[in-house]
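Enquirer: For reference, the file target.txt (compact mmCIF, C-alpha atoms and all ligand atoms) is included below:
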# COMPACT_ATOMS: atom_id res chain seq x y z
CA MET M 1 -80.96 -20.80 106.72
CA MET M 2 -82.07 -22.37 109.94
CA ALA M 3 -82.18 -20.41 113.18
CA GLY M 4 -78.65 -19.85 114.44
CA ARG M 5 -76.92 -20.30 117.77
CA ARG M 6 -74.04 -18.21 119.02
CA SER M 7 -70.79 -19.66 120.27
CA GLY M 8 -67.61 -17.67 120.80
CA GLY M 9 -68.92 -14.72 118.78
CA THR M 10 -69.61 -16.85 115.71
CA LEU M 11 -73.07 -17.61 114.39
CA HIS M 12 -73.43 -21.36 114.00
CA THR M 13 -76.15 -23.42 112.45
CA PRO M 14 -77.40 -26.00 114.94
CA MET M 15 -76.36 -29.65 114.63
CA THR M 16 -78.61 -32.36 115.89
CA ASP M 17 -75.76 -34.68 116.91
CA ASP M 18 -73.34 -32.46 118.76
CA ALA M 19 -72.84 -28.76 119.37
CA SER M 20 -69.25 -28.74 118.15
CA THR M 21 -67.53 -30.55 115.33
CA GLU M 22 -64.14 -30.24 117.01
CA ARG M 23 -64.67 -33.83 118.22
CA ILE M 24 -63.94 -34.87 114.60
CA SER M 25 -60.45 -33.37 114.58
CA PRO M 26 -58.50 -36.45 115.87
CA THR M 27 -59.45 -38.29 112.67
CA ALA M 28 -57.20 -35.82 110.81
CA TYR M 29 -54.17 -37.26 112.63
CA ALA M 30 -55.15 -40.75 111.45
CA THR M 31 -55.59 -39.74 107.81
CA GLY M 32 -52.47 -37.54 108.08
CA HIS M 33 -50.40 -40.65 108.78
CA MET M 34 -52.43 -42.75 106.36
CA TRP M 35 -51.63 -40.48 103.38
CA TYR M 36 -47.97 -40.80 104.32
CA ARG M 37 -48.18 -44.61 104.67
CA LEU M 38 -49.83 -44.75 101.26
CA GLY M 39 -46.91 -42.85 99.74
CA MET M 40 -48.89 -39.69 99.00
CA SER M 41 -47.61 -37.31 101.66
CA HIS M 42 -44.69 -35.57 103.34
CA PRO M 43 -43.14 -37.05 106.53
CA VAL M 44 -43.87 -33.87 108.50
CA LEU M 45 -47.62 -34.69 108.39
CA SER M 46 -47.13 -38.13 109.90
CA THR M 47 -47.37 -37.72 113.69
CA ALA M 48 -46.99 -40.27 116.52
CA GLN M 49 -50.70 -39.81 117.36
CA GLY M 50 -51.61 -40.36 113.72
CA LYS M 51 -49.55 -43.53 113.53
CA ARG M 52 -51.29 -44.96 116.61
CA LEU M 53 -54.78 -44.07 115.36
CA ASP M 54 -54.12 -45.35 111.85
CA ALA M 55 -52.92 -48.65 113.32
CA ALA M 56 -56.05 -48.90 115.49
CA PHE M 57 -58.37 -48.19 112.52
CA GLY M 58 -56.29 -50.68 110.52
CA LEU M 59 -57.32 -53.46 112.93
CA VAL M 60 -60.99 -52.74 112.19
CA THR M 61 -60.65 -52.19 108.43
CA GLY M 62 -58.33 -55.24 108.15
CA ALA M 63 -60.93 -57.44 109.84
CA LEU M 64 -63.69 -56.07 107.58
CA LYS M 65 -61.53 -56.70 104.53
CA ARG M 66 -61.02 -60.31 105.56
CA ILE M 67 -64.79 -60.72 105.92
CA GLY M 68 -66.14 -58.75 102.95
CA GLY M 69 -63.07 -58.18 100.77
CA ALA M 70 -63.44 -54.38 100.53
CA SER M 71 -60.27 -52.34 101.01
CA PHE M 72 -60.57 -49.10 102.96
CA ASP M 73 -57.16 -48.00 101.67
CA ALA M 74 -58.47 -48.34 98.10
CA LEU M 75 -61.44 -46.11 98.93
CA MET M 76 -59.14 -43.50 100.46
CA ILE M 77 -56.69 -43.56 97.53
CA ALA M 78 -59.57 -43.26 95.04
CA ARG M 79 -61.11 -40.31 96.85
CA HIS M 80 -57.86 -38.42 97.33
CA LYS M 81 -56.48 -38.99 93.83
CA GLY M 82 -59.89 -38.34 92.28
CA ILE M 83 -60.18 -34.92 93.93
CA ASP M 84 -56.55 -34.15 93.01
CA ALA M 85 -57.19 -35.06 89.38
CA ARG M 86 -60.26 -32.85 88.98
CA LEU M 87 -58.60 -29.93 90.75
CA ALA M 88 -55.45 -30.23 88.60
CA ARG M 89 -57.60 -30.34 85.48
CA ALA M 90 -59.41 -27.13 86.44
CA ILE M 91 -56.10 -25.39 87.15
CA ASP M 92 -54.46 -26.68 83.95
CA GLU M 93 -57.44 -25.47 81.91
CA GLY M 94 -57.13 -22.02 83.47
CA ARG M 95 -60.52 -22.14 85.23
CA VAL M 96 -59.14 -22.06 88.76
CA SER M 97 -56.18 -20.29 90.35
CA GLN M 98 -57.36 -19.89 93.96
CA VAL M 99 -58.12 -22.84 96.23
CA ILE M 100 -59.74 -22.92 99.65
CA GLU M 101 -59.41 -26.36 101.15
CA VAL M 102 -61.94 -26.61 103.98
CA ALA M 103 -61.20 -29.07 106.84
CA ALA M 104 -57.76 -29.75 105.35
CA GLY M 105 -56.55 -31.47 108.53
CA LEU M 106 -53.14 -33.02 107.89
CA SER M 107 -53.82 -33.70 104.23
CA PRO M 108 -50.85 -33.33 101.86
CA ARG M 109 -52.86 -31.71 99.04
CA GLY M 110 -51.73 -28.17 99.87
CA ILE M 111 -48.05 -29.22 99.82
CA ASN M 112 -48.46 -31.21 96.62
CA PHE M 113 -50.33 -28.48 94.73
CA ALA M 114 -48.07 -25.69 95.98
CA ARG M 115 -45.08 -27.72 94.77
CA ARG M 116 -46.65 -28.45 91.42
CA TYR M 117 -48.03 -24.98 90.62
CA GLY M 118 -45.86 -22.60 92.68
CA ASP M 119 -46.92 -18.96 92.33
CA ARG M 120 -49.46 -19.80 89.60
CA ILE M 121 -52.00 -20.51 92.33
CA LEU M 122 -52.97 -19.36 95.82
CA TYR M 123 -53.63 -22.32 98.09
CA LEU M 124 -55.36 -21.70 101.42
CA GLU M 125 -55.43 -24.67 103.75
CA THR M 126 -58.14 -24.14 106.35
CA ASP M 127 -59.46 -25.88 109.45
CA LEU M 128 -60.78 -25.14 112.94
CA PRO M 129 -58.33 -23.03 114.98
CA ALA M 130 -56.58 -25.86 116.91
CA MET M 131 -56.00 -28.03 113.83
CA ALA M 132 -55.04 -25.00 111.73
CA ALA M 133 -52.41 -24.09 114.35
CA THR M 134 -51.01 -27.64 114.27
CA LYS M 135 -50.87 -27.67 110.47
CA ARG M 136 -49.25 -24.24 110.35
CA ARG M 137 -46.63 -25.31 112.90
CA LEU M 138 -45.80 -28.55 111.05
CA LEU M 139 -45.58 -26.87 107.63
CA ALA M 140 -43.54 -23.96 109.00
CA GLN M 141 -41.12 -26.43 110.67
CA ALA M 142 -40.48 -27.98 107.28
CA GLY M 143 -40.15 -24.56 105.62
CA LEU M 144 -43.15 -25.27 103.42
CA LEU M 145 -45.24 -22.11 103.83
CA ASN M 146 -45.07 -19.01 101.66
CA GLU M 147 -47.40 -16.25 100.47
CA HIS M 148 -48.97 -18.60 97.89
CA HIS M 149 -49.51 -21.41 100.37
CA ARG M 150 -50.97 -20.42 103.70
CA VAL M 151 -52.93 -21.91 106.61
CA VAL M 152 -56.02 -20.02 107.75
CA GLU M 153 -58.64 -20.64 110.47
CA LEU M 154 -62.05 -21.45 108.98
CA ASP M 155 -65.15 -22.94 110.57
CA ALA M 156 -67.33 -24.43 107.84
CA LEU M 157 -70.42 -23.96 110.04
CA ALA M 158 -69.90 -20.26 110.65
CA ASP M 159 -72.13 -17.89 108.71
CA ARG M 160 -70.21 -14.80 109.71
CA GLY M 161 -67.32 -13.70 111.86
CA PRO M 162 -63.54 -13.81 111.34
CA HIS M 163 -63.47 -17.59 110.78
CA SER M 164 -66.35 -17.72 108.31
CA LEU M 165 -65.97 -18.67 104.67
CA ALA M 166 -67.52 -15.34 103.67
CA GLN M 167 -64.77 -13.47 105.49
CA ILE M 168 -61.93 -15.62 104.08
CA ALA M 169 -63.35 -15.34 100.55
CA LYS M 170 -63.20 -11.54 100.82
CA THR M 171 -59.40 -11.79 101.00
CA LEU M 172 -59.30 -13.45 97.54
CA ASP M 173 -59.17 -11.83 94.10
CA PRO M 174 -62.80 -11.65 92.82
CA LYS M 175 -61.57 -11.76 89.23
CA LEU M 176 -60.01 -15.24 89.53
CA GLY M 177 -61.59 -18.66 89.28
CA THR M 178 -61.83 -20.33 92.67
CA ALA M 179 -62.24 -23.85 94.03
CA ILE M 180 -63.49 -25.06 97.39
CA ILE M 181 -62.42 -28.55 98.43
CA SER M 182 -63.80 -30.56 101.32
CA GLU M 183 -62.52 -34.06 101.87
CA GLY M 184 -63.65 -36.25 104.75
CA LEU M 185 -65.91 -33.64 106.35
CA MET M 186 -69.47 -33.85 105.10
CA SER M 187 -70.26 -37.38 106.38
CA TYR M 188 -69.83 -36.13 109.94
CA LEU M 189 -72.55 -33.49 109.48
CA ASP M 190 -76.26 -34.17 109.74
CA SER M 191 -78.38 -33.51 106.71
CA ASP M 192 -79.64 -30.00 107.64
CA THR M 193 -76.14 -28.85 108.59
CA ALA M 194 -74.66 -30.31 105.40
CA GLN M 195 -77.25 -28.50 103.26
CA ASP M 196 -76.42 -25.22 104.97
CA VAL M 197 -72.72 -25.80 104.27
CA TRP M 198 -73.36 -26.59 100.58
CA ARG M 199 -75.52 -23.46 100.21
CA ARG M 200 -72.74 -21.43 101.83
CA PHE M 201 -70.15 -22.91 99.41
CA ALA M 202 -72.34 -22.17 96.36
CA ARG M 203 -73.11 -18.62 97.55
CA THR M 204 -69.39 -17.94 97.98
CA LEU M 205 -68.28 -19.51 94.69
CA LYS M 206 -70.86 -17.51 92.71
CA LYS M 207 -68.86 -14.39 93.50
CA PHE M 208 -66.01 -15.60 91.25
CA PRO M 209 -65.96 -15.95 87.43
CA HIS M 210 -65.56 -19.75 87.79
CA GLY M 211 -66.56 -21.66 90.89
CA LEU M 212 -65.69 -25.31 91.47
CA TYR M 213 -66.56 -27.47 94.47
CA LEU M 214 -64.94 -30.90 94.90
CA ALA M 215 -65.59 -33.43 97.64
CA ASP M 216 -65.75 -37.13 98.39
CA SER M 217 -69.34 -38.33 98.43
CA TYR M 218 -71.23 -41.52 99.28
CA THR M 219 -74.58 -43.00 98.35
CA SER M 220 -76.42 -45.78 100.14
CA ARG M 221 -76.72 -47.56 96.78
CA ASP M 222 -72.89 -47.83 96.61
CA ASN M 223 -72.58 -48.74 100.32
CA ARG M 224 -75.12 -51.49 100.85
CA GLY M 225 -73.11 -54.18 102.60
CA SER M 226 -72.91 -54.82 106.34
CA GLY M 227 -69.15 -54.03 106.22
CA ALA M 228 -69.81 -50.40 105.26
CA LYS M 229 -72.40 -50.07 108.03
CA LEU M 230 -70.09 -51.63 110.61
CA PHE M 231 -67.22 -49.34 109.67
CA GLY M 232 -69.55 -46.32 109.88
CA ALA M 233 -70.64 -47.45 113.34
CA VAL M 234 -67.02 -47.83 114.56
CA LEU M 235 -66.00 -44.45 113.14
CA GLY M 236 -69.14 -42.86 114.62
CA ARG M 237 -68.26 -44.22 118.04
CA PHE M 238 -64.75 -42.83 117.74
CA VAL M 239 -65.97 -39.31 116.89
CA LYS M 240 -68.92 -39.55 119.31
CA GLY M 241 -71.47 -38.80 116.60
CA ARG M 242 -73.22 -40.46 113.70
CA ILE M 243 -71.77 -40.97 110.24
CA HIS M 244 -74.22 -39.77 107.59
CA VAL M 245 -74.67 -41.09 104.07
CA HIS M 246 -76.52 -38.11 102.66
CA PHE M 247 -77.83 -39.57 99.42
CA GLY M 248 -79.72 -42.64 98.31
CA SER M 249 -78.34 -42.38 94.79
CA ALA M 250 -76.13 -40.20 92.57
CA ALA M 251 -79.28 -38.65 91.06
CA GLU M 252 -80.41 -37.56 94.52
CA ALA M 253 -77.00 -36.01 95.19
CA ILE M 254 -77.14 -34.06 91.94
CA GLN M 255 -80.62 -32.78 92.74
CA THR M 256 -79.62 -31.75 96.27
CA LEU M 257 -76.51 -29.85 95.16
CA ARG M 258 -78.48 -28.09 92.43
CA GLY M 259 -81.01 -27.12 95.07
CA ALA M 260 -78.14 -25.68 97.12
CA GLY M 261 -77.27 -23.32 94.25
CA PHE M 262 -74.85 -25.17 91.97
CA ARG M 263 -75.43 -24.93 88.21
CA SER M 264 -73.90 -28.22 87.12
CA VAL M 265 -73.22 -31.26 89.28
CA ALA M 266 -71.59 -34.65 88.62
CA MET M 267 -71.00 -37.68 90.84
CA LEU M 268 -67.94 -39.22 89.23
CA GLU M 269 -67.07 -42.86 89.78
CA PRO M 270 -63.38 -43.81 90.28
CA ARG M 271 -63.57 -46.12 87.25
CA GLU M 272 -64.56 -43.15 85.05
CA LEU M 273 -61.38 -41.14 85.73
CA PRO M 274 -58.05 -42.07 84.10
CA GLU M 275 -56.17 -41.22 87.31
CA THR M 276 -58.25 -43.62 89.46
CA ARG M 277 -59.14 -46.29 86.90
CA GLU M 278 -56.51 -48.68 88.19
CA ILE M 279 -57.36 -48.37 91.90
CA ALA M 280 -61.06 -48.66 90.95
CA GLN M 281 -60.41 -52.32 90.20
CA VAL M 282 -59.75 -52.97 93.89
CA LYS M 283 -62.91 -53.84 95.83
CA GLY M 284 -63.89 -50.94 98.09
CA ALA M 285 -62.82 -48.10 95.80
CA GLY M 286 -66.27 -48.08 94.18
CA ARG M 287 -67.87 -47.02 97.47
CA VAL M 288 -66.79 -43.42 96.99
CA ARG M 289 -67.65 -40.87 94.30
CA ILE M 290 -66.10 -37.53 93.49
CA LEU M 291 -68.68 -34.83 93.75
CA GLU M 292 -67.90 -32.08 91.27
CA ALA M 293 -70.15 -29.03 91.31
CA LEU M 294 -69.87 -25.81 89.31
CA THR M 295 -71.45 -22.41 89.80
C1 LIG D 301 -61.50 -36.68 108.74
S1 LIG D 301 -60.59 -35.21 108.95
C2 LIG D 301 -60.20 -34.92 107.26
C3 LIG D 301 -58.93 -34.19 107.10
C4 LIG D 301 -58.44 -34.09 105.64
N1 LIG D 301 -59.37 -33.41 104.80
C5 LIG D 301 -58.13 -35.46 105.11
O1 LIG D 301 -58.88 -35.95 104.24
O2 LIG D 301 -57.14 -36.04 105.53
C6 LIG D 301 -61.85 -34.03 109.31
C7 LIG D 301 -61.35 -32.61 109.51
O3 LIG D 301 -62.49 -31.75 109.64
C8 LIG D 301 -62.13 -30.70 110.50
N2 LIG D 301 -63.35 -30.03 110.96
C9 LIG D 301 -64.26 -30.49 111.84
N3 LIG D 301 -65.24 -29.59 111.98
C10 LIG D 301 -64.96 -28.54 111.16
C11 LIG D 301 -65.59 -27.31 110.89
N4 LIG D 301 -66.75 -26.97 111.49
N5 LIG D 301 -65.02 -26.46 110.01
C12 LIG D 301 -63.86 -26.79 109.42
N6 LIG D 301 -63.20 -27.96 109.64
C13 LIG D 301 -63.74 -28.82 110.51
C14 LIG D 301 -61.35 -31.41 111.58
O4 LIG D 301 -60.60 -30.52 112.40
C15 LIG D 301 -60.50 -32.36 110.74
O5 LIG D 301 -59.30 -31.77 110.38
Could you write out this file's structure as structure tokens?

Expert:
Amino acid sequence: MMAGRRSGGTLHTPMTDDASTERISPTAYATGHMWYRLGMSHPVLSTAQGKRLDAAFGLVTGALKRIGGASFDALMIARHKGIDARLARAIDEGRVSQVIEVAAGLSPRGINFARRYGDRILYLETDLPAMAATKRRLLAQAGLLNEHHRVVELDALADRGPHSLAQIAKTLDPKLGTAIISEGLMSYLDSDTAQDVWRRFARTLKKFPHGLYLADSYTSRDNRGSGAKLFGAVLGRFVKGRIHVHFGSAAEAIQTLRGAGFRSVAMLEPRELPETREIAQVKGAGRVRILEALT
């Protein structure tokens, strides 16, 4: 671990771009509405702010699509459905019955999995305190929370303290297989910070009989065009930080995640999975991979 820095009683690893990742949070409103617009979510997660932001991003991604032909919606559908498919498979096969979704934002996955699996799983949606409070309020308003589906404060960068992964993991049953999901978070973190987060995830998952980590992941080999770079630059400007593509290739990703403590790692392409095979035919979907790592 790198030398830490204290903020609000929590030990944080330093980031080179910005001291706090709270600046990223508004993007969760945009994707919150986007999942709804794409027919994958519940109306309660579509906010006025999200609608405005999604429309603004749509102007940029629409222009890029007209120039290069790649669809940002296709990438988002592929990543979300891909993660869903691998998580459902692990639950159906009996390997996982506890889920910690890190940086859940206004994603519908918690609602969808709680609906599908009921009391057969425990689903913890987590995010930084302000976003967690918003999610909890919206879900409670719609009567969607219960003891198997909860919202908890978690800072992915915290090594210890009440909002750390270590602390949240202690509340789970150590005898049950557990998954950690992160969607749309890692690209906002610089390389050193991301490696610390992956090591923290692996360390935590090793405490359970089965550990599964799922995330969207990107390689520069899959994102060569100027369109991808331009979109990254626009998004970076919006969140006042850089967007990071952590890996040159899938092989490099596998090596890095193994180095972080995972036993087996795959970088799945949307065209490889039955659930995303159709969307994979749309240009743009091939820019994302589903990172699946086991402990
Ligand atoms: C792009 S949004 C993704 C939200 C959701 N996963 C989705 O795909 O719709 C990024 C999320 O990361 C959260 N976030 C930022 N920094 C974080 C941190 N240090 N720990 C946990 N979550 C964080 C933000 O609050 C926001 O909800």

Enquirer: Enumerate residues in contact with ligand LIG 301 (chain D): an atom-to-atom distance of at most 8 Å, counting only C-alpha atoms and all ligand atoms. Format the result as an MDAnalysis selection string.

Expert: chainID M and resid 20:32 35 80 101:108 126:128 130:132 154:158 182:185

Enquirer: Using C-alpha atoms, can you export the residues from the last selection as an mmCIF file, in the frame of the given file?

Expert:
data_model
loop_
_atom_site.group_PDB
_atom_site.id
_atom_site.type_symbol
_atom_site.label_atom_id
_atom_site.label_comp_id
_atom_site.auth_asym_id
_atom_site.auth_seq_id
_atom_site.Cartn_x
_atom_site.Cartn_y
_atom_site.Cartn_z
ATOM 1 C CA SER M 20 -69.250 -28.740 118.150
ATOM 2 C CA THR M 21 -67.530 -30.550 115.330
ATOM 3 C CA GLU M 22 -64.140 -30.240 117.010
ATOM 4 C CA ARG M 23 -64.670 -33.830 118.220
ATOM 5 C CA ILE M 24 -63.940 -34.870 114.600
ATOM 6 C CA SER M 25 -60.450 -33.370 114.580
ATOM 7 C CA PRO M 26 -58.500 -36.450 115.870
ATOM 8 C CA THR M 27 -59.450 -38.290 112.670
ATOM 9 C CA ALA M 28 -57.200 -35.820 110.810
ATOM 10 C CA TYR M 29 -54.170 -37.260 112.630
ATOM 11 C CA ALA M 30 -55.150 -40.750 111.450
ATOM 12 C CA THR M 31 -55.590 -39.740 107.810
ATOM 13 C CA GLY M 32 -52.470 -37.540 108.080
ATOM 14 C CA TRP M 35 -51.630 -40.480 103.380
ATOM 15 C CA HIS M 80 -57.860 -38.420 97.330
ATOM 16 C CA GLU M 101 -59.410 -26.360 101.150
ATOM 17 C CA VAL M 102 -61.940 -26.610 103.980
ATOM 18 C CA ALA M 103 -61.200 -29.070 106.840
ATOM 19 C CA ALA M 104 -57.760 -29.750 105.350
ATOM 20 C CA GLY M 105 -56.550 -31.470 108.530
ATOM 21 C CA LEU M 106 -53.140 -33.020 107.890
ATOM 22 C CA SER M 107 -53.820 -33.700 104.230
ATOM 23 C CA PRO M 108 -50.850 -33.330 101.860
ATOM 24 C CA THR M 126 -58.140 -24.140 106.350
ATOM 25 C CA ASP M 127 -59.460 -25.880 109.450
ATOM 26 C CA LEU M 128 -60.780 -25.140 112.940
ATOM 27 C CA ALA M 130 -56.580 -25.860 116.910
ATOM 28 C CA MET M 131 -56.000 -28.030 113.830
ATOM 29 C CA ALA M 132 -55.040 -25.000 111.730
ATOM 30 C CA LEU M 154 -62.050 -21.450 108.980
ATOM 31 C CA ASP M 155 -65.150 -22.940 110.570
ATOM 32 C CA ALA M 156 -67.330 -24.430 107.840
ATOM 33 C CA LEU M 157 -70.420 -23.960 110.040
ATOM 34 C CA ALA M 158 -69.900 -20.260 110.650
ATOM 35 C CA SER M 182 -63.800 -30.560 101.320
ATOM 36 C CA GLU M 183 -62.520 -34.060 101.870
ATOM 37 C CA GLY M 184 -63.650 -36.250 104.750
ATOM 38 C CA LEU M 185 -65.910 -33.640 106.350
#

Enquirer: Using only C-alpha atoms, which of M:Arg136, M:Arg199, M:Lys65, M:Lys81 sits nearest Gly259 of chain M?

Expert: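 Closest to Gly259 of chain M of all the choices is M:Arg199.
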
Enquirer: Looking at M:Arg150, M:Arg160, M:Ala215, M:Gly118, which one is nearest to Ala133 of chain M, with distances taken over only C-alpha atoms?

Expert: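 That would be M:Arg150, the residue with the smallest distance to Ala133 of chain M.
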
Enquirer: Compile a residue-level contact table for segment 177-211 of chain M against segment 262-281 of chain M at a cut-off of 10 Å, reporting for every qualifying residue the shortest atom pair and its distance in Å to one decimal, with only C-alpha atoms counted, rows ordered by chain and ascending number, as CSV.

Expert:
residue,atom,partner,partner_atom,distance
M:Trp198,CA,M:Phe262,CA,8.9
M:Arg199,CA,M:Phe262,CA,8.4
M:Phe201,CA,M:Phe262,CA,9.1
M:Ala202,CA,M:Phe262,CA,5.9
M:Arg203,CA,M:Phe262,CA,8.8
M:Leu205,CA,M:Phe262,CA,9.1
M:Lys206,CA,M:Phe262,CA,8.7
M:Gly211,CA,M:Phe262,CA,9.1

Enquirer: Could you write out that same residue set with C-alpha atoms as a short mmCIF file (atom, residue, chain, number, x, y, z; two decimals), keeping the file's coordinate frame?

Expert:
data_model
loop_
_atom_site.label_atom_id
_atom_site.label_comp_id
_atom_site.auth_asym_id
_atom_site.auth_seq_id
_atom_site.Cartn_x
_atom_site.Cartn_y
_atom_site.Cartn_z
CA TRP M 198 -73.36 -26.59 100.58
CA ARG M 199 -75.52 -23.46 100.21
CA PHE M 201 -70.15 -22.91 99.41
CA ALA M 202 -72.34 -22.17 96.36
CA ARG M 203 -73.11 -18.62 97.55
CA LEU M 205 -68.28 -19.51 94.69
CA LYS M 206 -70.86 -17.51 92.71
CA GLY M 211 -66.56 -21.66 90.89
#

Enquirer: Select, from M:Ala293, M:Thr171, M:Ser46, M:Gly177, the residue with the minimum atom-to-atom distance to Lys135 of chain M, counting all atoms listed in the file.

Expert: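 Ranked by minimum distance to Lys135 of chain M, first place goes to M:Ser46.
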
Enquirer: Take atom CA of Tyr188 of chain M and atom CA of Gly236 of chain M and report the distance between them in Å, one decimal.

Expert: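 Atom CA of Gly236 of chain M lies at a distance of 8.2 Å from atom CA of Tyr188 of chain M.
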
Enquirer: Identify which of the residues M:Val197, M:Ala48, M:Ala253, M:Val60 lies closest to Val234 of chain M, counting all atoms listed in the file when measuring atom-to-atom distances.

Expert: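 Using all atoms listed in the file, the shortest distance to Val234 of chain M belongs to M:Val60.
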
Enquirer: Need the shell around Pro174 of chain M: protein/DNA/RNA residues with any atom at most 12 Å away, counting all atoms listed in the file. Skip same-chain ones fewer than 2 positions apart. Format as a PyMOL selection string?

Expert: chain M and resi 96-98+168-172+176-178+204-211

Enquirer: Within 9 Å of Leu139 of chain M, counting only C-alpha atoms, which residues qualify if same-chain residues fewer than 5 places away don't, as a ChimeraX atom specification?

Expert: /M:44-45,111,134,144-145,151

Enquirer: Give the answer as one residue: which of M:Arg242, M:Arg86, M:His33, M:His42 has the shortest atom-to-atom distance to Glu292 of chain M, using all atoms listed in the file?

Expert: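 Comparing M:Arg242, M:Arg86, M:His33, M:His42 against Glu292 of chain M, the winner is M:Arg86.
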
Enquirer: To one decimal place, how far is atom CA of Val288 of chain M from atom CA of Tyr218 of chain M in Å?

Expert: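 Spanning atom CA of Val288 of chain M to atom CA of Tyr218 of chain M is a straight-line distance of 5.3 Å.
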
Enquirer: Could you tell me how far atom CA of Phe247 of chain M lies from atom CA of Ala85 of chain M, in Å and to one decimal?

Expert: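 These atoms are spaced 23.4 Å apart.
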
Enquirer: Need the shell around Val282 of chain M: protein/DNA/RNA residues with any atom at most 8 Å away, counting only C-alpha atoms. Skip same-chain ones fewer than 5 positions apart. Format as number ranges by chain?

Expert: M: 70-71, 74

Enquirer: Since the input lacks some atoms of segment 222-233 of chain M, please model N, CA and C atoms and print them as a CSV table (one decimal), keeping the file's coordinate frame.

Expert:
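As a result, out-v3.csv now contains:
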chain,number,residue,atom,x,y,z
M,222,ASP,N,-74.3,-47.3,96.8
M,222,ASP,CA,-72.9,-47.8,96.6
M,222,ASP,C,-72.3,-48.4,97.9
M,223,ASN,N,-73.1,-48.3,99.0
M,223,ASN,CA,-72.6,-48.7,100.3
M,223,ASN,C,-73.6,-49.6,101.0
M,224,ARG,N,-74.0,-50.7,100.3
M,224,ARG,CA,-75.1,-51.5,100.8
M,224,ARG,C,-74.7,-52.5,101.9
M,225,GLY,N,-73.5,-53.0,101.8
M,225,GLY,CA,-73.1,-54.2,102.6
M,225,GLY,C,-73.0,-53.9,104.1
M,226,SER,N,-73.0,-55.0,104.9
M,226,SER,CA,-72.9,-54.8,106.3
M,226,SER,C,-71.5,-54.3,106.7
M,227,GLY,N,-70.5,-54.5,105.9
M,227,GLY,CA,-69.2,-54.0,106.2
M,227,GLY,C,-69.1,-52.5,106.3
M,228,ALA,N,-69.8,-51.9,105.3
M,228,ALA,CA,-69.8,-50.4,105.3
M,228,ALA,C,-70.5,-49.9,106.5
M,229,LYS,N,-71.6,-50.5,106.9
M,229,LYS,CA,-72.4,-50.1,108.0
M,229,LYS,C,-71.6,-50.2,109.3
M,230,LEU,N,-70.9,-51.4,109.4
M,230,LEU,CA,-70.1,-51.6,110.6
M,230,LEU,C,-69.0,-50.6,110.7
M,231,PHE,N,-68.3,-50.3,109.6
M,231,PHE,CA,-67.2,-49.3,109.7
M,231,PHE,C,-67.8,-48.0,110.1
M,232,GLY,N,-68.9,-47.6,109.5
M,232,GLY,CA,-69.6,-46.3,109.9
M,232,GLY,C,-69.8,-46.3,111.4
M,233,ALA,N,-70.3,-47.4,111.9
M,233,ALA,CA,-70.6,-47.4,113.3
M,233,ALA,C,-69.4,-47.3,114.2
